[in-house]
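Visitor: The following file, upload.cif, comprises mmCIF, C-alpha atoms (C1' of nucleotides):
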```
data_my_file
#
loop_
_atom_site.label_atom_id
_atom_site.label_comp_id
_atom_site.auth_asym_id
_atom_site.auth_seq_id
_atom_site.Cartn_x
_atom_site.Cartn_y
_atom_site.Cartn_z
CA MET A 1 103.12 110.14 129.96
CA ARG A 2 106.00 108.40 131.72
CA ILE A 3 109.57 108.84 130.56
CA TYR A 4 112.56 106.70 131.52
CA PHE A 5 115.96 105.47 130.35
CA GLU A 6 116.68 101.77 129.81
CA ASN A 7 119.53 99.89 128.06
CA GLY A 8 120.77 103.00 126.28
CA ASN A 9 117.33 103.97 124.99
CA THR A 10 114.85 106.52 126.20
CA ILE A 11 111.26 105.38 126.38
CA ILE A 12 108.06 107.33 126.73
CA GLU A 13 104.94 105.44 127.73
CA ASN A 14 101.35 106.37 127.11
CA VAL A 15 101.62 109.33 124.78
CA PRO A 16 98.04 110.32 123.99
CA ASP A 17 96.83 111.33 120.54
CA PHE A 18 100.07 110.39 118.82
CA ASP A 19 100.78 107.98 116.02
CA LEU A 20 104.30 108.10 114.63
CA GLU A 21 103.39 106.80 111.19
CA GLN A 22 100.42 109.11 110.72
CA THR A 23 102.44 112.09 111.85
CA LEU A 24 105.38 111.41 109.55
CA GLU A 25 103.55 110.18 106.49
CA CYS A 26 101.11 113.06 106.19
CA GLY A 27 103.25 115.35 104.10
CA GLN A 28 104.53 117.90 106.59
CA CYS A 29 108.03 116.42 106.76
CA PHE A 30 110.46 115.20 104.10
CA ARG A 31 113.28 113.90 106.31
CA PHE A 32 112.00 110.56 107.54
CA TYR A 33 113.00 107.10 106.36
CA LYS A 34 110.84 104.11 107.02
CA GLN A 35 112.75 101.02 108.20
CA SER A 36 109.73 98.80 108.82
CA ASP A 37 106.27 99.18 110.35
CA HIS A 38 106.30 101.87 113.06
CA ASP A 39 110.09 102.02 112.76
CA TYR A 40 111.63 105.21 111.37
CA VAL A 41 114.83 107.18 111.01
CA ILE A 42 114.40 110.94 111.26
CA VAL A 43 116.86 113.76 110.61
CA ALA A 44 116.13 117.17 112.17
CA TYR A 45 118.17 120.10 113.48
CA LYS A 46 121.48 118.27 112.84
CA ARG A 47 120.24 115.33 114.87
CA LEU A 48 119.72 111.75 113.84
CA LEU A 49 117.00 109.69 115.48
CA HIS A 50 116.03 106.05 115.22
CA ILE A 51 112.57 105.70 116.73
CA VAL A 52 109.99 102.94 117.06
CA GLN A 53 106.43 103.05 118.28
CA SER A 54 105.02 99.81 119.66
CA GLU A 55 101.84 99.41 121.65
CA ASN A 56 101.92 102.18 124.25
CA LYS A 57 105.66 102.88 123.98
CA LEU A 58 107.76 105.32 122.03
CA ILE A 59 111.36 104.10 121.93
CA PHE A 60 114.16 106.54 121.13
CA TYR A 61 117.18 104.35 120.34
CA ASP A 62 120.61 105.36 121.66
CA THR A 63 119.23 108.65 122.87
CA ALA A 64 119.81 110.33 126.22
CA ILE A 65 116.78 111.17 128.29
CA GLY A 66 117.80 114.82 128.27
CA ASP A 67 117.77 114.94 124.47
CA VAL A 68 114.26 113.57 124.47
CA GLU A 69 113.02 115.89 127.20
CA HIS A 70 114.63 119.02 125.84
CA PHE A 71 114.45 118.44 122.13
CA TRP A 72 112.36 115.59 120.73
CA VAL A 73 109.34 116.18 122.95
CA ASP A 74 109.10 119.66 121.49
CA TYR A 75 109.87 118.48 117.95
CA PHE A 76 106.95 116.04 118.06
CA ASP A 77 104.77 118.63 119.84
CA LEU A 78 104.05 116.13 122.61
CA LYS A 79 103.30 118.69 125.30
CA ARG A 80 100.28 120.08 123.53
CA ASP A 81 96.80 118.87 124.40
CA TYR A 82 95.48 117.48 121.14
CA GLY A 83 92.46 116.02 122.87
CA SER A 84 90.97 119.45 123.37
CA ILE A 85 91.94 120.57 119.88
CA LYS A 86 90.13 117.59 118.36
CA GLN A 87 87.17 118.13 120.63
CA PHE A 88 86.89 121.77 119.60
CA LEU A 89 87.10 120.92 115.89
CA SER A 90 84.65 118.02 116.13
CA GLU A 91 82.04 120.02 118.02
CA ASN A 92 82.48 122.93 115.66
CA ASP A 93 82.19 121.00 112.41
CA GLU A 94 80.88 117.46 111.97
CA ILE A 95 82.41 117.16 108.50
CA LEU A 96 85.81 116.90 110.20
CA ILE A 97 84.81 114.01 112.43
CA PRO A 98 85.65 111.14 110.04
CA ALA A 99 89.01 112.73 109.24
CA ILE A 100 89.86 113.22 112.91
CA ASN A 101 88.71 109.71 113.82
CA GLU A 102 90.85 108.09 111.14
CA LYS A 103 93.88 110.36 111.58
CA TRP A 104 93.57 110.59 115.36
CA GLY A 105 97.34 110.44 115.93
CA VAL A 106 98.58 113.28 113.75
CA ARG A 107 100.57 116.00 115.48
CA LEU A 108 102.18 119.05 113.92
CA LEU A 109 105.97 118.79 114.00
CA ASN A 110 108.06 121.78 115.00
CA GLN A 111 110.63 121.82 112.22
CA GLU A 112 113.59 124.04 111.40
CA PHE A 113 112.82 127.34 109.72
CA HIS A 114 115.37 127.51 106.91
CA GLU A 115 114.87 123.86 106.05
CA MET A 116 111.14 124.44 105.63
CA ILE A 117 111.66 127.43 103.32
CA ILE A 118 114.02 125.51 101.05
CA SER A 119 112.00 122.29 101.15
CA PHE A 120 108.70 123.91 100.31
CA ILE A 121 110.16 125.99 97.50
CA ILE A 122 111.29 122.67 96.05
CA SER A 123 107.83 121.21 96.62
CA GLN A 124 106.06 123.38 94.08
CA ASN A 125 104.80 121.37 91.13
CA LYS A 126 106.43 118.19 92.38
CA GLN A 127 105.39 114.90 93.91
CA ILE A 128 106.34 114.11 97.49
CA PRO A 129 108.76 111.21 96.77
CA HIS A 130 110.73 113.43 94.43
CA ILE A 131 110.81 116.29 96.94
CA LYS A 132 112.23 113.85 99.48
CA LYS A 133 114.90 112.74 97.06
CA ILE A 134 116.06 116.29 96.29
CA VAL A 135 116.14 117.27 99.98
CA ARG A 136 118.19 114.18 100.69
CA ASP A 137 120.58 114.96 97.81
CA ILE A 138 121.07 118.51 99.10
CA SER A 139 121.84 117.13 102.55
CA GLU A 140 124.29 114.53 101.28
CA ASN A 141 126.14 117.13 99.23
CA TYR A 142 126.16 120.08 101.61
CA GLY A 143 125.18 118.81 105.05
CA GLU A 144 127.23 117.19 107.80
CA TYR A 145 127.63 113.48 108.36
CA LEU A 146 125.54 112.42 111.34
CA GLY A 147 125.89 108.67 111.55
CA GLU A 148 124.60 105.37 110.31
CA VAL A 149 121.48 103.30 110.94
CA ASN A 150 120.99 99.82 109.48
CA GLY A 151 124.00 100.35 107.23
CA GLU A 152 122.66 103.60 105.76
CA LYS A 153 124.48 106.92 106.21
CA TYR A 154 122.62 110.10 107.11
CA TYR A 155 123.49 113.78 106.67
CA SER A 156 122.03 116.90 108.23
CA PHE A 157 120.18 119.46 106.20
CA PRO A 158 122.79 122.16 105.47
CA ASP A 159 122.82 125.08 107.89
CA ILE A 160 122.50 128.66 106.66
CA ASP A 161 126.26 129.09 106.22
CA ALA A 162 126.46 125.97 104.11
CA LEU A 163 123.41 127.00 102.09
CA SER A 164 124.98 130.37 101.30
CA LYS A 165 127.79 128.63 99.44
CA ILE A 166 125.46 126.81 97.05
CA THR A 167 125.31 128.57 93.68
CA GLU A 168 122.35 128.65 91.32
CA GLU A 169 124.27 126.28 89.06
CA ASP A 170 124.82 123.89 91.98
CA TYR A 171 121.09 123.89 92.63
CA ARG A 172 120.46 123.08 88.97
CA LYS A 173 122.77 120.10 89.21
CA LEU A 174 120.52 118.84 92.00
CA LYS A 175 117.67 118.66 89.46
CA THR A 176 115.69 121.51 90.92
CA GLY A 177 115.00 122.94 87.46
CA PHE A 178 113.29 126.31 87.34
CA ARG A 179 113.39 126.50 91.13
CA ALA A 180 117.17 126.94 91.15
CA PRO A 181 117.11 130.78 91.11
CA TYR A 182 114.41 130.75 93.79
CA LEU A 183 116.51 128.52 96.02
CA PHE A 184 119.54 130.70 95.47
CA ASP A 185 117.56 133.82 96.35
CA ALA A 186 116.21 132.18 99.51
CA SER A 187 119.69 131.03 100.55
CA GLN A 188 121.11 134.53 100.13
CA LYS A 189 118.25 136.21 101.99
CA LEU A 190 118.69 133.74 104.85
CA TYR A 191 122.42 134.38 104.94
CA SER A 192 122.02 138.17 104.98
CA SER A 193 119.29 137.85 107.63
CA GLU A 194 116.88 139.72 105.37
CA ILE A 195 114.75 136.73 106.35
CA SER A 196 115.33 135.14 109.72
CA GLU A 197 113.32 133.24 112.27
CA GLN A 198 113.74 136.05 114.81
CA LEU A 199 111.93 138.54 112.61
CA PHE A 200 108.70 136.63 113.19
CA ASP A 201 108.78 136.95 116.97
CA ASN A 202 106.20 139.70 117.05
CA LEU A 203 104.58 139.46 113.65
CA ASN A 204 100.92 138.81 113.04
CA GLU A 205 99.84 136.34 110.38
CA ASP A 206 99.39 138.88 107.59
CA ASP A 207 102.76 140.52 108.15
CA ALA A 208 104.49 137.16 108.40
CA LEU A 209 102.99 136.18 105.06
CA LYS A 210 104.15 139.43 103.49
CA LEU A 211 107.67 139.00 104.79
CA LEU A 212 107.98 135.42 103.58
CA THR A 213 106.65 136.15 100.11
CA LYS A 214 109.53 138.58 99.58
CA VAL A 215 111.54 135.49 98.80
CA LYS A 216 111.33 134.55 95.13
CA GLY A 217 109.42 131.33 94.66
CA VAL A 218 107.54 131.76 97.92
CA GLY A 219 103.87 132.44 97.31
CA ASN A 220 100.82 132.00 99.46
CA LYS A 221 100.95 128.24 99.77
CA VAL A 222 104.65 127.85 100.49
CA ALA A 223 104.55 130.73 102.99
CA ASN A 224 101.66 129.13 104.86
CA CYS A 225 103.52 125.82 105.04
CA VAL A 226 106.62 127.51 106.45
CA MET A 227 104.48 129.38 108.98
CA LEU A 228 102.57 126.29 110.05
CA PHE A 229 105.42 123.80 110.17
CA SER A 230 108.23 125.92 111.57
CA LEU A 231 106.98 129.23 112.96
CA ASN A 232 104.12 128.05 115.11
CA TYR A 233 101.38 129.92 113.23
CA ARG A 234 98.83 127.21 113.95
CA ALA A 235 96.01 129.12 112.29
CA SER A 236 97.73 128.87 108.90
CA PHE A 237 95.80 126.90 106.33
CA PRO A 238 97.97 126.06 103.30
CA ILE A 239 95.88 125.41 100.21
CA ASP A 240 97.43 123.10 97.64
CA VAL A 241 95.84 121.04 94.88
CA TRP A 242 94.90 118.33 97.38
CA ILE A 243 93.25 120.55 99.96
CA LYS A 244 91.46 122.42 97.20
CA ARG A 245 89.98 119.20 95.82
CA ILE A 246 89.14 117.87 99.27
CA MET A 247 87.40 121.08 100.35
CA GLU A 248 85.48 121.24 97.09
CA GLU A 249 84.29 117.69 97.60
CA LEU A 250 83.44 117.92 101.30
CA TYR A 251 82.08 121.47 101.53
CA PHE A 252 81.49 123.32 98.28
CA LYS A 253 80.36 120.59 95.85
CA GLU A 254 81.80 122.60 92.95
CA GLU A 255 84.98 124.24 91.64
CA THR A 256 85.92 126.95 94.09
CA ASP A 257 88.59 129.63 93.97
CA LYS A 258 91.42 129.28 96.48
CA SER A 259 90.74 132.74 97.88
CA ILE A 260 87.19 131.70 98.79
CA ILE A 261 88.43 128.49 100.44
CA GLN A 262 91.01 130.50 102.38
CA LYS A 263 88.40 132.86 103.75
CA PHE A 264 86.06 129.98 104.55
CA ALA A 265 88.75 128.10 106.47
CA LYS A 266 89.60 131.17 108.49
CA GLU A 267 86.00 131.67 109.57
CA LYS A 268 85.32 127.97 110.12
CA TYR A 269 88.42 126.79 111.97
CA GLY A 270 89.91 130.04 113.29
CA GLU A 271 93.03 129.57 115.37
CA TYR A 272 92.89 125.81 114.73
CA GLY A 273 93.16 126.09 110.95
CA GLY A 274 96.48 124.29 110.75
CA TYR A 275 95.25 121.26 112.63
CA ALA A 276 92.10 121.05 110.54
CA GLN A 277 94.24 121.27 107.41
CA GLN A 278 96.42 118.36 108.51
CA TYR A 279 93.50 116.09 109.40
CA LEU A 280 91.81 116.92 106.10
CA PHE A 281 94.96 116.54 104.03
CA CYS A 282 95.97 113.17 105.49
CA PHE A 283 92.48 111.76 105.43
CA GLY A 284 91.66 113.12 101.99
CA ARG A 285 94.85 111.95 100.36
CA ASP A 286 94.64 108.43 101.80
CA ASN A 287 91.03 108.04 100.77
CA LYS A 288 91.34 109.80 97.42
CA VAL A 289 88.66 112.32 98.36
CA GLY A 290 87.73 114.42 95.37
CA LYS A 291 89.58 112.23 92.87
"C1'" DT B 292 103.00 110.93 73.46
"C1'" DC B 293 100.47 113.27 76.81
"C1'" DC B 294 99.35 114.66 81.41
"C1'" DC B 295 100.10 115.78 86.06
"C1'" DA B 296 102.75 116.90 90.31
"C1'" DG B 297 101.91 119.91 98.18
"C1'" DG B 298 102.83 126.63 92.85
"C1'" DT B 299 104.67 130.93 91.43
"C1'" DA B 300 106.29 134.93 88.61
"C1'" DG B 301 105.38 137.69 84.95
"C1'" DA B 302 102.49 139.12 81.19
"C1'" DT B 303 98.07 140.61 79.74
"C1'" DC B 304 93.59 142.32 79.98
"C1'" DG C 305 92.58 142.82 90.49
"C1'" DA C 306 91.52 138.49 88.07
"C1'" DT C 307 93.08 135.15 84.64
"C1'" DC C 308 96.58 132.67 81.73
"C1'" DT C 309 100.97 130.41 80.95
"C1'" DA C 310 105.81 128.92 81.07
"C1'" DC C 311 108.59 126.82 83.99
"C1'" DA C 312 112.52 121.56 84.68
"C1'" DT C 313 112.14 117.08 85.87
"C1'" DG C 314 110.19 112.54 86.72
"C1'" DG C 315 106.56 109.11 86.73
"C1'" DG C 316 102.19 106.99 85.30
#
```
Could you rewrite the structure in this file as structure tokens?

Guide:
Amino acid sequence: MRIYFENGNTIIENVPDFDLEQTLECGQCFRFYKQSDHDYVIVAYKRLLHIVQSENKLIFYDTAIGDVEHFWVDYFDLKRDYGSIKQFLSENDEILIPAINEKWGVRLLNQEFHEMIISFIISQNKQIPHIKKIVRDISENYGEYLGEVNGEKYYSFPDIDALSKITEEDYRKLKTGFRAPYLFDASQKLYSSEISEQLFDNLNEDDALKLLTKVKGVGNKVANCVMLFSLNYRASFPIDVWIKRIMEELYFKEETDKSIIQKFAKEKYGEYGGYAQQYLFCFGRDNKVGK
DNA sequence: TCCCAGGTAGATC
DNA sequence: GATCTACATGGG
């Protein structure tokens, strides 16, 4: 990897095991906006990024080299050695090989904690495009203006203070339906610090899950997503309808209870559960595995 | 019109 | 504890 600044943009060359499109489009993130092929706008942590991947270059438009080095590199998880992760998973389980080969460039993003809680509460019983729309609406109504790209305005996801001012009725107006009381409960618990990122500093997986599921509307699946995508619990293996179908098709060959799949994943993938889940999810969804 | 969507809480057995 | 269902809203 070589990083340098040129004409107002920061460029990283030769990032291994990373494909921008695969990473963004695989369902872990709701705050990306495709401009054209390999050309995206991303909003994260009150920052706005216009980024393009072409050949061996990753171009961060109008971005200081320090911002890339100290923020975006970590956000995209670029310091981690995915080569050895993929090698471990491939040697351990040949069923994963086609998924890893096709989705070779997926990395797990390090996203903001409170945004993940709210976003994945919204996600229950909804399709991804609609989740994206609601998250965007929340940001436009309660977030801060960040800037404009290609004539389009972008707003940050509201911080915890801003979230605390959203009433249950406000959430209903944003078309969140039966999730409105859940979102209100989560916002209040975040504001009171009954739930906070710090509390997870020294928590094992089981205790983290217990703490998160104190929030109304956060069950096993949502909690695992929050843990995997924002708290660095890379063993977490969220099981949704897709993963359930995919695992049934690839491993079990019959209807299988989620609890059995959960246990199986833990034994099979161990500390790499989250990576396996992403490769399987992206690959399975694109190829309609189990449908 | 009917069915499903990155599920979960609450009721019931 | 395991199983069943209602839950708002939008799209196929």

Visitor: Nearest residue to DA310 in chain C out of A:Phe178, A:Pro129, A:Asn232, A:Gln262, using only C-alpha atoms (C1' of nucleotides)?

Guide: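 Among the listed residues, the smallest separation from DA310 in chain C belongs to A:Phe178.
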
Visitor: Which residues match the PyMOL selection byres ((chain A) within 10 of (chain C)) in the file above, as a PyMOL selection string?

Guide: chain A and resi 125-127+130+172+175-180

Visitor: Could you tell me, as a count of residues only, exactly which residues end up selected when the PyMOL selection byres ((chain B) within 7 of (chain A)) is applied to this structure?

Guide: 4

Visitor: Between CA of Tyr40 in chain A and CA of Gly284 in chain A, measure the distance and give it in Å to one decimal.

Guide: 23.4 Å

Visitor: On this structure, the PyMOL selection byres ((chain A and resi 65) around 9) would catch which residues? List them as a list in words, sorted by chain and number.

Guide: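 Those residues are Ile3, Tyr4, Phe5, Asn9, Thr10, Ile11, Phe60, Thr63, Ala64, Gly66, Asp67, Val68, Glu69 and His70 of chain A.
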
Visitor: Generate a file of the selected residues that holds C-alpha atoms, formatted as a short mmCIF file (atom, residue, chain, number, x, y, z; two decimals), in the coordinates of the input.

Guide:
```
data_model
loop_
_atom_site.label_atom_id
_atom_site.label_comp_id
_atom_site.auth_asym_id
_atom_site.auth_seq_id
_atom_site.Cartn_x
_atom_site.Cartn_y
_atom_site.Cartn_z
CA ILE A 3 109.57 108.84 130.56
CA TYR A 4 112.56 106.70 131.52
CA PHE A 5 115.96 105.47 130.35
CA ASN A 9 117.33 103.97 124.99
CA THR A 10 114.85 106.52 126.20
CA ILE A 11 111.26 105.38 126.38
CA PHE A 60 114.16 106.54 121.13
CA THR A 63 119.23 108.65 122.87
CA ALA A 64 119.81 110.33 126.22
CA GLY A 66 117.80 114.82 128.27
CA ASP A 67 117.77 114.94 124.47
CA VAL A 68 114.26 113.57 124.47
CA GLU A 69 113.02 115.89 127.20
CA HIS A 70 114.63 119.02 125.84
#
```

Visitor: Please compute the C1' of DG301 in chain B-CA of Leu209 in chain A distance, one decimal, in Å.

Guide: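 Interatomic distance, C1' of DG301 in chain B to CA of Leu209 in chain A: 20.3 Å.
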
Visitor: Hey, what's within 8 Å of range 104-111 of chain A if we count all atoms listed in the file and toss same-chain stuff fewer than 6 positions away? As a PyMOL selection string, please?

Guide: chain A and resi 17-20+22-23+26+28-29+44-45+74-78+82+229-232+275+278-279

Visitor: Just how far from CA of Val41 in chain A is CA of Glu197 in chain A, in Å to one decimal?

Guide: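 Computed distance, CA of Glu197 in chain A to CA of Val41 in chain A, equals 26.1 Å.
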
Visitor: Do a neighbour search on Ile51 in chain A at 8 Å with only C-alpha atoms (C1' of nucleotides), toss out local chain neighbours closer than 2 positions, and write the hits as a PyMOL selection string.

Guide: chain A and resi 39-42+49+53+58-61

Visitor: Could chain B be written out with C-alpha atoms (C1' of nucleotides), as an mmCIF file, in the first residue's frame, please?

Guide:
```cif
data_model
loop_
_atom_site.group_PDB
_atom_site.id
_atom_site.type_symbol
_atom_site.label_atom_id
_atom_site.label_comp_id
_atom_site.auth_asym_id
_atom_site.auth_seq_id
_atom_site.Cartn_x
_atom_site.Cartn_y
_atom_site.Cartn_z
ATOM 1 C "C1'" DT B 292 -55.627 -9.329 -3.443
ATOM 2 C "C1'" DC B 293 -51.981 -11.731 -1.435
ATOM 3 C "C1'" DC B 294 -47.325 -12.372 0.038
ATOM 4 C "C1'" DC B 295 -42.917 -11.146 1.623
ATOM 5 C "C1'" DA B 296 -39.231 -8.160 3.580
ATOM 6 C "C1'" DG B 297 -31.455 -8.357 6.933
ATOM 7 C "C1'" DG B 298 -37.120 -9.783 13.276
ATOM 8 C "C1'" DT B 299 -38.999 -9.166 17.753
ATOM 9 C "C1'" DA B 300 -42.205 -8.924 21.780
ATOM 10 C "C1'" DG B 301 -45.761 -10.981 24.008
ATOM 11 C "C1'" DA B 302 -49.013 -14.674 24.530
ATOM 12 C "C1'" DT B 303 -49.736 -19.482 24.959
ATOM 13 C "C1'" DC B 304 -48.801 -24.127 25.721
#
```
